[in-house]
$ cat protein_38.txt   # compact mmCIF, C-alpha atoms
# COMPACT_ATOMS: atom_id res chain seq x y z
CA MET A 15 177.16 221.26 -14.65
CA LYS A 16 180.42 221.97 -16.39
CA ALA A 17 182.65 219.33 -17.89
CA SER A 18 185.68 218.65 -15.72
CA ILE A 19 188.50 217.36 -17.85
CA GLY A 20 192.13 216.51 -17.20
CA GLY A 21 193.57 217.78 -20.45
CA TYR A 22 193.09 218.21 -24.17
CA ALA A 23 195.20 217.37 -27.20
CA GLN A 24 194.56 217.54 -30.93
CA ALA A 25 195.64 214.48 -32.88
CA GLU A 26 197.09 215.10 -36.35
CA THR A 27 196.92 211.50 -37.58
CA VAL A 28 195.48 208.19 -36.44
CA ALA A 29 198.98 207.09 -35.36
CA HIS A 30 199.31 210.29 -33.34
CA ALA A 31 195.94 209.69 -31.70
CA ILE A 32 196.95 206.14 -30.77
CA ALA A 33 200.19 207.47 -29.29
CA LEU A 34 198.21 210.03 -27.28
CA LEU A 35 195.89 207.29 -26.01
CA GLY A 36 198.97 205.44 -24.78
CA GLU A 37 200.36 208.58 -23.18
CA ALA A 38 197.05 209.23 -21.39
CA GLY A 39 197.52 205.99 -19.49
CA GLY A 40 193.93 204.81 -19.34
CA GLU A 41 192.41 208.27 -18.90
CA GLY A 42 192.19 208.96 -22.64
CA ARG A 43 188.81 209.64 -24.22
CA ILE A 44 188.39 210.11 -27.94
CA LEU A 45 186.58 213.33 -28.83
CA ALA A 46 185.03 213.55 -32.29
CA GLY A 47 181.85 215.58 -32.70
CA GLY A 48 181.37 215.63 -28.94
CA GLN A 49 177.59 215.39 -29.09
CA SER A 50 177.43 212.40 -26.75
CA LEU A 51 180.75 212.73 -24.94
CA VAL A 52 180.42 216.39 -23.97
CA ALA A 53 176.86 215.78 -22.79
CA ALA A 54 178.13 212.90 -20.64
CA LEU A 55 180.97 215.03 -19.28
CA ASN A 56 178.47 217.78 -18.45
CA LEU A 57 176.47 215.27 -16.45
CA GLY A 58 179.57 214.62 -14.37
CA THR A 59 179.77 210.94 -15.23
CA SER A 60 183.55 211.14 -15.21
CA GLU A 61 186.32 213.53 -14.24
CA GLY A 62 189.90 213.99 -15.29
CA ASP A 63 189.48 212.61 -18.79
CA MET A 64 192.31 213.35 -21.19
CA LEU A 65 190.46 214.36 -24.35
CA ILE A 66 192.05 213.38 -27.64
CA ASP A 67 190.42 215.43 -30.36
CA ILE A 68 190.38 213.47 -33.62
CA ALA A 69 188.10 215.89 -35.50
CA GLY A 70 191.00 217.20 -37.57
CA ILE A 71 192.20 213.84 -38.91
CA ALA A 72 191.42 213.98 -42.63
CA ALA A 73 191.85 210.22 -43.12
CA LEU A 74 188.80 209.56 -40.94
CA ARG A 75 186.50 211.63 -43.13
CA GLY A 76 184.51 210.60 -46.13
CA VAL A 77 182.73 207.65 -47.68
CA LYS A 78 184.24 205.40 -50.34
CA LEU A 79 183.67 202.13 -52.18
CA ASP A 80 186.07 199.25 -51.62
CA GLY A 81 185.08 196.33 -53.85
CA ASP A 82 181.68 195.09 -52.72
CA ARG A 83 181.80 197.11 -49.52
CA LEU A 84 181.08 200.69 -48.59
CA VAL A 85 183.55 202.23 -46.14
CA ILE A 86 182.16 205.05 -44.01
CA GLY A 87 184.81 207.05 -42.19
CA ALA A 88 184.34 207.51 -38.45
CA LEU A 89 184.10 211.30 -38.71
CA THR A 90 181.21 211.20 -41.19
CA ARG A 91 178.56 213.35 -39.57
CA HIS A 92 174.85 212.61 -39.30
CA CYS A 93 174.09 215.46 -41.71
CA ASP A 94 176.58 213.96 -44.22
CA LEU A 95 174.89 210.55 -44.06
CA VAL A 96 171.57 212.11 -45.03
CA ARG A 97 172.90 213.57 -48.29
CA ASP A 98 175.89 211.43 -49.26
CA PRO A 99 175.11 209.83 -52.65
CA LEU A 100 177.17 206.68 -51.95
CA VAL A 101 175.39 206.11 -48.64
CA GLY A 102 172.03 206.74 -50.31
CA GLU A 103 172.76 204.14 -52.98
CA HIS A 104 174.68 201.46 -51.10
CA ALA A 105 173.64 201.80 -47.45
CA PRO A 106 170.32 203.64 -47.47
CA LEU A 107 169.55 202.41 -43.96
CA PHE A 108 172.04 204.95 -42.58
CA ALA A 109 170.58 207.72 -44.73
CA LYS A 110 167.15 206.86 -43.31
CA ALA A 111 168.42 206.56 -39.73
CA ALA A 112 170.38 209.82 -39.64
CA PRO A 113 167.35 212.16 -39.63
CA LEU A 114 166.04 210.27 -36.59
CA VAL A 115 169.15 211.15 -34.59
CA ALA A 116 168.49 214.06 -32.23
CA HIS A 117 168.06 217.45 -33.90
CA ASP A 118 169.56 219.54 -36.66
CA ALA A 119 172.14 221.27 -34.46
CA ILE A 120 173.38 217.93 -33.11
CA ARG A 121 173.36 216.24 -36.52
CA ASN A 122 175.61 219.01 -37.79
CA ARG A 123 178.44 217.91 -35.47
CA GLY A 124 177.78 214.36 -34.27
CA THR A 125 179.57 211.53 -36.08
CA ILE A 126 178.79 207.92 -36.96
CA GLY A 127 182.02 206.73 -35.37
CA GLY A 128 181.23 208.55 -32.16
CA SER A 129 177.75 207.06 -31.98
CA LEU A 130 179.01 203.52 -32.65
CA ALA A 131 181.85 203.78 -30.16
CA TYR A 132 179.63 205.31 -27.49
CA ALA A 133 177.25 202.36 -27.90
CA ASP A 134 174.13 203.84 -26.38
CA PRO A 135 171.63 200.96 -26.52
CA ALA A 136 168.87 203.34 -27.61
CA ALA A 137 170.90 204.83 -30.49
CA GLU A 138 169.99 204.06 -34.10
CA TYR A 139 173.33 203.31 -35.76
CA PRO A 140 174.45 200.32 -33.67
CA ALA A 141 171.21 198.52 -34.53
CA CYS A 142 171.59 199.51 -38.19
CA ALA A 143 175.13 198.14 -38.14
CA ILE A 144 174.06 194.71 -36.94
CA ALA A 145 171.07 194.62 -39.29
CA LEU A 146 173.40 195.41 -42.19
CA ASP A 147 175.94 192.81 -41.04
CA ALA A 148 178.50 195.60 -41.05
CA ALA A 149 182.02 195.42 -39.66
CA ILE A 150 183.75 197.86 -37.35
CA ILE A 151 187.35 198.84 -38.12
CA LEU A 152 189.60 199.47 -35.14
CA GLU A 153 193.18 200.70 -35.13
CA GLY A 154 195.53 200.38 -32.22
CA PRO A 155 199.17 199.98 -31.28
CA ASP A 156 199.16 196.43 -32.68
CA GLY A 157 197.64 197.37 -36.02
CA THR A 158 194.20 197.27 -37.60
CA ARG A 159 191.48 194.75 -36.92
CA GLU A 160 187.97 194.27 -38.14
CA ILE A 161 185.18 192.97 -35.98
CA PRO A 162 181.62 192.06 -37.01
CA ALA A 163 179.15 194.59 -35.65
CA ARG A 164 177.18 191.83 -33.91
CA ASP A 165 180.29 191.05 -31.81
CA PHE A 166 181.29 194.68 -31.26
CA PHE A 167 178.50 195.71 -28.89
CA THR A 168 179.07 193.80 -25.69
CA GLY A 169 176.86 195.56 -23.14
CA LEU A 170 175.50 198.84 -21.83
CA PHE A 171 177.80 201.49 -23.36
CA GLU A 172 180.37 198.72 -23.73
CA THR A 173 182.12 197.52 -26.86
CA ALA A 174 184.94 195.23 -27.93
CA ARG A 175 187.17 198.25 -28.56
CA ALA A 176 190.31 197.91 -26.47
CA GLU A 177 191.49 200.86 -24.42
CA GLY A 178 194.29 201.80 -26.81
CA GLU A 179 192.20 201.50 -29.97
CA ILE A 180 190.31 203.97 -32.11
CA LEU A 181 187.23 203.23 -34.18
CA THR A 182 188.27 204.47 -37.63
CA ALA A 183 185.48 203.30 -39.94
CA ILE A 184 182.49 201.06 -40.47
CA THR A 185 182.22 198.90 -43.59
CA VAL A 186 178.88 197.80 -44.98
CA PRO A 187 178.15 195.21 -47.69
CA LYS A 188 176.86 197.16 -50.70
CA ALA A 189 173.09 196.91 -51.05
CA GLN A 190 172.11 194.41 -53.74
CA ASP A 191 169.44 194.88 -56.36
CA GLY A 192 166.05 194.66 -54.71
CA GLU A 193 167.43 194.96 -51.20
CA ARG A 194 165.15 196.90 -48.87
CA HIS A 195 166.06 198.91 -45.78
CA VAL A 196 163.51 200.21 -43.27
CA ILE A 197 163.89 201.84 -39.87
CA ARG A 198 161.09 202.79 -37.52
CA GLU A 199 161.13 203.97 -33.94
CA GLY A 200 158.80 205.22 -31.25
CA THR A 201 159.74 208.43 -29.42
CA ARG A 202 157.92 210.83 -27.15
CA ARG A 203 158.97 213.73 -29.39
CA ALA A 204 160.94 213.94 -32.63
CA GLY A 205 164.65 213.59 -31.97
CA ASP A 206 164.49 211.96 -28.56
CA TYR A 207 166.16 208.64 -27.94
CA ALA A 208 163.84 205.88 -29.04
CA LEU A 209 161.64 204.11 -26.52
CA ALA A 210 161.88 201.23 -28.98
CA GLY A 211 163.11 200.95 -32.53
CA LEU A 212 163.79 198.42 -35.26
CA ALA A 213 166.16 198.58 -38.23
CA VAL A 214 165.40 195.95 -40.84
CA VAL A 215 167.31 194.80 -43.92
CA MET A 216 165.64 192.51 -46.46
CA ARG A 217 168.29 190.89 -48.66
CA ASP A 218 167.58 187.99 -51.04
CA GLY A 219 164.24 187.38 -49.35
CA ARG A 220 165.90 187.04 -45.92
CA HIS A 221 165.45 189.52 -43.12
CA ARG A 222 167.87 190.89 -40.55
CA ILE A 223 166.37 192.86 -37.67
CA GLY A 224 168.40 195.09 -35.35
CA ALA A 225 166.53 196.30 -32.25
CA PHE A 226 167.41 199.45 -30.28
CA GLY A 227 166.07 200.74 -26.98
CA LEU A 228 165.05 197.15 -26.33
CA GLY A 229 167.99 195.79 -24.36
CA ASP A 230 171.32 196.71 -22.84
CA ARG A 231 172.82 196.68 -26.36
CA PRO A 232 171.55 196.53 -29.94
CA LEU A 233 170.01 193.11 -30.48
CA LEU A 234 169.86 190.88 -33.54
CA CYS A 235 166.34 189.47 -33.36
CA GLN A 236 166.84 185.98 -34.73
CA GLY A 237 163.50 184.50 -33.76
CA ALA A 238 161.57 187.29 -35.44
CA MET A 239 163.89 187.13 -38.45
CA ALA A 240 163.21 183.43 -39.02
CA ALA A 241 159.44 183.93 -38.77
CA LEU A 242 159.51 186.93 -41.09
CA ASP A 243 161.51 184.89 -43.63
CA GLN A 244 158.52 182.51 -43.65
CA GLY A 245 156.10 185.41 -44.19
CA ASP A 246 154.67 184.81 -40.69
CA VAL A 247 154.17 188.29 -39.27
CA ASP A 248 152.17 187.14 -36.23
CA GLY A 249 154.86 184.59 -35.46
CA ALA A 250 157.54 187.25 -35.90
CA VAL A 251 155.80 189.56 -33.44
CA THR A 252 155.50 186.72 -30.91
CA ALA A 253 159.16 185.77 -31.39
CA LEU A 254 160.28 189.40 -31.16
CA ALA A 255 158.89 189.63 -27.63
CA GLN A 256 161.35 186.88 -26.69
CA ASP A 257 164.22 188.29 -28.75
CA VAL A 258 164.26 191.59 -26.89
CA ASP A 259 164.94 192.38 -23.24
CA PRO A 260 163.82 195.97 -22.72
CA PRO A 261 164.45 198.04 -19.60
CA SER A 262 161.81 199.73 -17.47
CA ASP A 263 162.57 203.32 -16.61
CA ALA A 264 160.96 206.72 -16.18
CA GLN A 265 160.29 206.90 -19.93
CA ALA A 266 158.46 203.61 -20.41
CA SER A 267 157.91 200.22 -18.86
CA ALA A 268 159.46 197.08 -20.30
CA SER A 269 156.04 195.74 -21.25
CA TYR A 270 155.16 198.93 -23.11
CA ARG A 271 158.46 198.86 -25.01
CA ARG A 272 157.85 195.22 -25.91
CA HIS A 273 154.36 196.08 -27.16
CA LEU A 274 155.73 199.02 -29.13
CA ALA A 275 158.36 196.79 -30.76
CA GLY A 276 155.58 194.49 -32.01
CA VAL A 277 153.64 197.43 -33.44
CA LEU A 278 156.76 198.70 -35.21
CA LEU A 279 157.47 195.25 -36.62
CA ARG A 280 153.94 194.98 -38.06
CA ARG A 281 154.34 198.38 -39.70
CA ILE A 282 157.73 197.43 -41.12
CA ALA A 283 156.33 194.15 -42.44
CA ALA A 284 153.64 196.19 -44.21
CA ASP A 285 156.33 198.58 -45.55
CA LEU A 286 158.16 195.56 -46.95
CA GLY A 287 155.03 193.96 -48.37
CA VAL A 288 155.31 190.84 -46.21
CA ALA A 289 151.92 189.08 -46.06
CA PRO A 290 149.99 190.24 -42.94
CA MET B 22 199.15 216.10 -17.06
CA THR B 23 201.55 214.91 -19.71
CA GLN B 24 203.41 217.12 -22.12
CA SER B 25 201.05 216.57 -25.04
CA PHE B 26 197.89 217.44 -23.12
CA ARG B 27 197.07 221.00 -22.23
CA ASP B 28 194.66 222.45 -19.71
CA ARG B 29 194.44 225.83 -21.42
CA ILE B 30 193.94 226.56 -25.09
CA ASP B 31 194.95 229.60 -27.14
CA LEU B 32 191.92 230.23 -29.27
CA GLU B 33 191.45 232.34 -32.37
CA MET B 34 188.03 232.63 -33.92
CA THR B 35 185.65 235.13 -35.43
CA VAL B 36 182.67 236.10 -33.31
CA ASN B 37 179.96 238.23 -34.88
CA GLY B 38 182.38 239.33 -37.56
CA GLU B 39 185.17 240.34 -35.20
CA GLU B 40 188.36 238.38 -34.74
CA VAL B 41 188.98 237.39 -31.15
CA GLU B 42 192.00 235.82 -29.49
CA LEU B 43 191.81 234.45 -25.99
CA THR B 44 193.14 231.74 -23.75
CA VAL B 45 190.50 229.51 -22.22
CA PRO B 46 190.38 226.39 -20.05
CA ALA B 47 190.52 223.35 -22.34
CA GLY B 48 187.13 222.08 -21.16
CA ARG B 49 185.35 225.40 -21.69
CA HIS B 50 182.16 225.19 -23.70
CA LEU B 51 181.55 227.56 -26.58
CA ILE B 52 178.53 229.00 -24.80
CA ASP B 53 180.60 229.81 -21.70
CA VAL B 54 183.36 231.45 -23.75
CA LEU B 55 180.72 233.65 -25.32
CA ARG B 56 178.83 234.46 -22.14
CA LEU B 57 181.56 234.53 -19.52
CA ASP B 58 184.70 235.50 -21.44
CA LEU B 59 183.23 237.73 -24.14
CA GLY B 60 180.18 239.06 -22.29
CA LEU B 61 177.78 238.00 -25.04
CA THR B 62 174.92 236.92 -22.79
CA GLY B 63 172.20 236.92 -25.46
CA SER B 64 172.51 233.18 -26.09
CA HIS B 65 171.26 231.28 -23.08
CA VAL B 66 172.30 228.20 -21.16
CA GLY B 67 169.53 225.79 -20.30
CA CYS B 68 169.97 222.08 -19.78
CA GLU B 69 173.68 221.73 -20.67
CA HIS B 70 173.13 218.39 -22.28
CA GLY B 71 171.90 219.36 -25.71
CA VAL B 72 168.21 218.79 -25.17
CA CYS B 73 166.63 222.22 -24.71
CA GLY B 74 168.27 224.14 -27.54
CA ALA B 75 168.44 227.47 -25.68
CA CYS B 76 172.17 227.71 -26.49
CA THR B 77 171.78 227.12 -30.24
CA LEU B 78 174.24 229.25 -32.23
CA ILE B 79 175.47 229.51 -35.80
CA VAL B 80 179.00 228.16 -36.39
CA ASP B 81 180.41 228.24 -39.93
CA GLY B 82 176.88 228.62 -41.25
CA SER B 83 175.30 225.71 -39.38
CA ALA B 84 173.28 225.54 -36.18
CA VAL B 85 175.17 223.98 -33.26
CA ARG B 86 174.63 223.52 -29.55
CA GLY B 87 176.85 225.88 -27.59
CA CYS B 88 176.75 223.56 -24.59
CA LEU B 89 177.91 220.45 -26.49
CA THR B 90 180.77 222.15 -28.28
CA LEU B 91 184.13 222.71 -26.68
CA ALA B 92 185.59 226.04 -27.70
CA ALA B 93 188.91 224.24 -28.23
CA GLN B 94 187.35 222.50 -31.22
CA LEU B 95 186.47 225.77 -32.93
CA GLN B 96 189.91 227.08 -33.84
CA GLY B 97 189.46 229.44 -36.78
CA CYS B 98 185.68 229.08 -36.90
CA GLU B 99 183.12 231.79 -37.52
CA VAL B 100 180.55 232.10 -34.75
CA TRP B 101 177.35 234.14 -34.81
CA THR B 102 175.34 234.78 -31.66
CA ILE B 103 171.94 236.40 -31.33
CA GLU B 104 173.71 239.77 -30.84
CA GLY B 105 175.51 239.54 -34.18
CA LEU B 106 172.53 238.12 -36.02
CA THR B 107 170.43 241.00 -34.68
CA GLU B 108 172.92 243.73 -35.53
CA GLY B 109 173.47 242.30 -38.99
CA GLY B 110 169.72 242.41 -39.63
CA VAL B 111 169.73 238.89 -41.09
CA ILE B 112 166.90 237.69 -38.87
CA GLY B 113 165.08 241.01 -38.56
CA ASP B 114 162.01 239.59 -40.29
CA LEU B 115 161.94 236.57 -37.96
CA GLN B 116 162.27 238.77 -34.89
CA LYS B 117 159.52 241.07 -36.13
CA ALA B 118 157.23 238.10 -36.81
CA PHE B 119 157.93 236.64 -33.36
CA VAL B 120 156.96 239.97 -31.78
CA GLU B 121 153.86 240.46 -33.95
CA ARG B 122 152.61 236.94 -33.32
CA ASN B 123 153.67 237.10 -29.64
CA ALA B 124 155.64 233.92 -30.33
CA LEU B 125 157.26 233.74 -26.93
CA GLN B 126 156.29 233.55 -23.32
CA CYS B 127 159.14 233.91 -20.84
CA GLY B 128 161.56 234.35 -23.73
CA TYR B 129 164.40 232.29 -22.29
CA CYS B 130 164.44 229.89 -25.23
CA THR B 131 163.91 232.58 -27.88
CA PRO B 132 167.55 233.22 -28.94
CA GLY B 133 167.96 229.51 -29.64
CA MET B 134 164.57 229.34 -31.34
CA LEU B 135 165.61 232.15 -33.69
CA ALA B 136 168.92 230.47 -34.55
CA SER B 137 167.16 227.19 -35.29
CA ALA B 138 164.42 228.92 -37.28
CA LYS B 139 167.06 230.77 -39.33
CA ALA B 140 168.76 227.48 -40.22
CA LEU B 141 165.45 225.87 -41.16
CA ILE B 142 164.21 228.65 -43.41
CA GLU B 143 167.56 228.97 -45.17
CA ALA B 144 167.75 225.21 -45.78
CA ASP B 145 164.16 224.41 -46.64
CA GLY B 146 162.53 227.35 -48.40
CA VAL B 147 158.89 227.11 -47.30
CA PRO B 148 158.73 224.14 -44.93
CA SER B 149 155.40 222.55 -44.04
CA ARG B 150 154.03 223.20 -40.57
CA GLU B 151 154.82 219.58 -39.78
CA THR B 152 158.44 220.11 -40.82
CA ILE B 153 158.61 223.29 -38.76
CA ARG B 154 157.29 221.44 -35.72
CA GLU B 155 159.72 218.59 -36.15
CA HIS B 156 162.69 220.92 -36.67
CA MET B 157 161.78 223.15 -33.72
CA SER B 158 161.27 220.13 -31.45
CA GLY B 159 164.99 220.55 -30.71
CA ASN B 160 164.13 223.79 -28.94
CA TYR B 161 161.18 222.78 -26.79
CA CYS B 162 161.32 224.63 -23.51
CA ARG B 163 159.01 225.01 -20.53
CA CYS B 164 156.30 227.56 -21.40
CA THR B 165 154.74 225.53 -24.24
CA GLY B 166 152.55 227.54 -26.65
CA TYR B 167 154.41 226.61 -29.82
CA GLU B 168 151.51 227.40 -32.13
CA ALA B 169 152.52 231.06 -32.39
CA ILE B 170 156.15 230.13 -32.98
CA VAL B 171 155.17 227.85 -35.85
CA ASP B 172 152.96 230.66 -37.23
CA ALA B 173 155.80 233.18 -37.07
CA ILE B 174 158.29 230.90 -38.80
CA GLU B 175 155.79 229.91 -41.47
CA THR B 176 154.94 233.56 -42.11
CA VAL B 177 158.58 234.52 -42.62
CA ALA B 178 159.30 231.50 -44.80
CA ARG B 179 156.40 232.48 -47.05
CA GLN B 180 157.41 236.14 -47.07
CA ARG B 181 160.95 235.31 -48.08
CA ALA B 182 159.65 233.08 -50.86
CA GLY B 183 157.32 235.87 -52.01
CA GLU B 184 154.22 233.79 -51.26
CA THR B 185 150.67 234.39 -49.97
CA GLU B 186 151.53 237.02 -47.37
CA PRO B 187 149.35 240.00 -48.41
CA GLN B 188 152.18 242.55 -48.45
CA ALA B 189 154.41 240.29 -50.47
CA ARG B 190 151.60 239.62 -52.93
CA SER B 191 150.85 243.27 -53.51
CA GLY B 192 154.55 243.95 -53.91
CA ALA B 193 154.84 241.22 -56.49
CA THR B 194 152.00 242.53 -58.66
CA SER B 195 153.02 246.18 -58.67
$ encode --input "protein_38.txt" --output "structure tokens"
Amino acid sequence: MKASIGGYAQAETVAHAIALLGEAGGEGRILAGGQSLVAALNLGTSEGDMLIDIAGIAALRGVKLDGDRLVIGALTRHCDLVRDPLVGEHAPLFAKAAPLVAHDAIRNRGTIGGSLAYADPAAEYPACAIALDAAIILEGPDGTREIPARDFFTGLFETARAEGEILTAITVPKAQDGERHVIREGTRRAGDYALAGLAVVMRDGRHRIGAFGLGDRPLLCQGAMAALDQGDVDGAVTALAQDVDPPSDAQASASYRRHLAGVLLRRIAADLGVAP
Amino acid sequence: MTQSFRDRIDLEMTVNGEEVELTVPAGRHLIDVLRLDLGLTGSHVGCEHGVCGACTLIVDGSAVRGCLTLAAQLQGCEVWTIEGLTEGGVIGDLQKAFVERNALQCGYCTPGMLASAKALIEADGVPSRETIREHMSGNYCRCTGYEAIVDAIETVARQRAGETEPQARSGATS
């Protein structure tokens, strides 16, 4: 199918993009790399969208340090995350997650902001964001606000972003000495959406686990986290089964996804050197 | 439609080394501009949601999906299709290896396979077979039989690096 759109405009600045969103009167859709949005449009999930192309807004590009936080601009592409030295040093979870996103040709255009805003529950970055205790930066007609990642993802493809707002950046606490980041997922073939996946941050001996493909949104797995903090891997696997709420579909049953999540958690615990 | 939003876009870009100017519907995909407006039908359309890779092209030196890219976003870009890559001879060795190894069945996915293989070899020197498989998994199609495709890509990667391939070896010692 072909995308059926209502119109297209290129935004020069964030303020311009916000003005265009207002002008579009509820039909506005932000277009960045297009690797999720254009696919969705091709599937005919919506018609008459007014596309606001933000790809040319220089202020949304790049990665920078701001005190004890790393600020990753919304237009930072998957391929940039893989090789950016600041990301590699201060938020290696994203550098490890990026190669798992789709394939080379898609990583060359898709953006972190697009993936976060699209909020596919099987996508890697939303789960990484909650595991990292990151914050999402939104700009709208009433100014800028920051929302913890764990509060940003509110449901299936749904977020706390208001209709007139744009996701401009994600900020991540800089990794501390000795902090460990691990991401693992199960897919039918390299690059597919995960059947189940876990992104784990170990900071000061405490664990934060973000699950993807295991619910209608990325999930912070608090039961498994508490058990893992105690070095109880079996307990963590048991708790994880309660933390997650996976769907059954043509790809995999809920029980298989739950089983897979436990397998991934055991492997991650081994990666992190947590007692078996 | 409000004043700021347009339904047609005046587009200037370079395709296979030639500058083109045309006006296209704002929602037109790159692959459709190439195939329908410019008559460059070498690059194929498969799934139209980025999964099959048949429409993979080179834009500003990187592989992209023609079906997930709106032409409107490519103002001023440099696009290479299988036609241009063939005429320029830059993938002649890959094409020859695909033919010699019979690395295709129906051939529908082959233009995208070649674009992806080009990007891989240029980025990664001599990739392992595992790396080749993982990279080319973005171009899986319907005929299966990827063994020969992996062979062909590996052969060319080694040739370009001056490795192991008998002809390259003899050339290196003379």
$ residues_near_point --input "protein_38.txt" --point "(193.4, 201.3, -31.3)" --cutoff "6 Å" --atoms "only C-alpha atoms" --output "list in words"
Leu152, Glu153, Gly154, Pro155, Gly178, Glu179 and Ile180 of chain A
$ closest_residue --input "protein_38.txt" --among "A:Asp156, A:Asp118, A:Asp285, A:Glu177" --to "Ile44 in chain A" --atoms "only C-alpha atoms"
A:Glu177
$ closest_residue --input "protein_38.txt" --among "A:Gly237, A:Gly157, A:Pro187, A:Gly192" --to "Leu79 in chain A" --atoms "only C-alpha atoms"
A:Pro187
$ interface_residues --input "protein_38.txt" --of "chain B" --to "chain A" --cutoff "10 Å" --atoms "all atoms listed in the file" --output "compact mmCIF listing (two decimals) with C-alpha atoms, keeping the file's coordinate frame"
# COMPACT_ATOMS: atom_id res chain seq x y z
CA MET B 22 199.15 216.10 -17.06
CA THR B 23 201.55 214.91 -19.71
CA GLN B 24 203.41 217.12 -22.12
CA SER B 25 201.05 216.57 -25.04
CA PHE B 26 197.89 217.44 -23.12
CA ARG B 27 197.07 221.00 -22.23
CA ASP B 28 194.66 222.45 -19.71
CA ARG B 29 194.44 225.83 -21.42
CA ILE B 30 193.94 226.56 -25.09
CA PRO B 46 190.38 226.39 -20.05
CA ALA B 47 190.52 223.35 -22.34
CA GLY B 48 187.13 222.08 -21.16
CA ARG B 49 185.35 225.40 -21.69
CA HIS B 50 182.16 225.19 -23.70
CA ASP B 53 180.60 229.81 -21.70
CA CYS B 68 169.97 222.08 -19.78
CA GLU B 69 173.68 221.73 -20.67
CA HIS B 70 173.13 218.39 -22.28
CA GLY B 71 171.90 219.36 -25.71
CA VAL B 72 168.21 218.79 -25.17
CA GLY B 74 168.27 224.14 -27.54
CA THR B 77 171.78 227.12 -30.24
CA LEU B 78 174.24 229.25 -32.23
CA ILE B 79 175.47 229.51 -35.80
CA VAL B 80 179.00 228.16 -36.39
CA SER B 83 175.30 225.71 -39.38
CA ALA B 84 173.28 225.54 -36.18
CA VAL B 85 175.17 223.98 -33.26
CA ARG B 86 174.63 223.52 -29.55
CA GLY B 87 176.85 225.88 -27.59
CA CYS B 88 176.75 223.56 -24.59
CA LEU B 89 177.91 220.45 -26.49
CA THR B 90 180.77 222.15 -28.28
CA LEU B 91 184.13 222.71 -26.68
CA ALA B 93 188.91 224.24 -28.23
CA GLN B 94 187.35 222.50 -31.22
CA ALA B 136 168.92 230.47 -34.55
CA SER B 137 167.16 227.19 -35.29
CA ALA B 140 168.76 227.48 -40.22
CA LEU B 141 165.45 225.87 -41.16
CA ARG B 154 157.29 221.44 -35.72
CA GLU B 155 159.72 218.59 -36.15
CA HIS B 156 162.69 220.92 -36.67
CA MET B 157 161.78 223.15 -33.72
CA SER B 158 161.27 220.13 -31.45
CA GLY B 159 164.99 220.55 -30.71
CA ASN B 160 164.13 223.79 -28.94
CA TYR B 161 161.18 222.78 -26.79
$ closest_residue --input "protein_38.txt" --among "B:Glu168, B:Glu39, B:Asp81, B:Glu184" --to "Gly146 in chain B" --atoms "only C-alpha atoms"
B:Glu184
$ residues_around --input "protein_38.txt" --residues "Leu209 in chain A" --least-positions-apart "5" --cutoff "9 Å" --atoms "all atoms listed in the file" --output "list in words"
Ala136, Glu199, Gly200, Thr201, Arg202, Phe226, Gly227, Leu228, Gln265, Ala266, Tyr270, Arg271 and Leu274 of chain A
$ residues_around --input "protein_38.txt" --residues "Ala149 in chain A" --least-positions-apart "2" --cutoff "6 Å" --atoms "all atoms listed in the file" --output "number ranges by chain"
A: 161-163, 184-185
$ residues_around --input "protein_38.txt" --residues "range 255-263 of chain A" --least-positions-apart "5" --cutoff "6 Å" --atoms "all atoms listed in the file" --output "list in words"
Leu228, Gly229, Cys235, Ala268 and Arg272 of chain A
$ atom_distance --input "protein_38.txt" --atom1 "CA of Arg280 in chain A" --atom2 "CA of Cys142 in chain A"
18.2 Å
$ atom_distance --input "protein_38.txt" --atom1 "CA of Ile151 in chain A" --atom2 "CA of Leu114 in chain A"
24.2 Å
$ residues_around --input "protein_38.txt" --residues "Leu234 in chain A" --least-positions-apart "3" --cutoff "7 Å" --atoms "all atoms listed in the file" --output "list of chain:residue names"
A:Ile144, A:Ala145, A:Ile223, A:Gly224, A:Ala225
$ atom_distance --input "protein_38.txt" --atom1 "CA of Gly40 in chain A" --atom2 "CA of Ala183 in chain A"
22.3 Å
$ closest_residue --input "protein_38.txt" --among "B:Cys164, B:Ala173, B:Val36, B:Cys76" --to "Leu106 in chain B" --atoms "all atoms listed in the file"
B:Val36
$ residues_near_point --input "protein_38.txt" --point "(156.9, 185.2, -41.7)" --cutoff "12 Å" --atoms "only C-alpha atoms" --output "count of residues only"
30
$ axis_aligned_box --input "protein_38.txt" --around "range 20-37 of chain A" --padding-each-side "8 Å" --output "lines of an AutoDock Vina configuration file"
center_x = 196.2
center_y = 211.8
center_z = -27.4
size_x = 24.2
size_y = 28.8
size_z = 36.4
$ build_atoms --input "protein_38.txt" --residues "range 135-139 of chain B" --atoms "N, CA and C atoms" --output "CSV table (one decimal), in the frame of the given file"
chain,number,residue,atom,x,y,z
B,135,LEU,N,165.4,231.3,-32.5
B,135,LEU,CA,165.6,232.2,-33.7
B,135,LEU,C,166.8,231.6,-34.5
B,136,ALA,N,167.8,231.1,-33.8
B,136,ALA,CA,168.9,230.5,-34.6
B,136,ALA,C,168.5,229.2,-35.3
B,137,SER,N,167.7,228.4,-34.6
B,137,SER,CA,167.2,227.2,-35.3
B,137,SER,C,166.2,227.5,-36.4
B,138,ALA,N,165.4,228.5,-36.2
B,138,ALA,CA,164.4,228.9,-37.3
B,138,ALA,C,165.2,229.5,-38.5
B,139,LYS,N,166.2,230.2,-38.2
B,139,LYS,CA,167.1,230.8,-39.3
B,139,LYS,C,167.6,229.6,-40.2
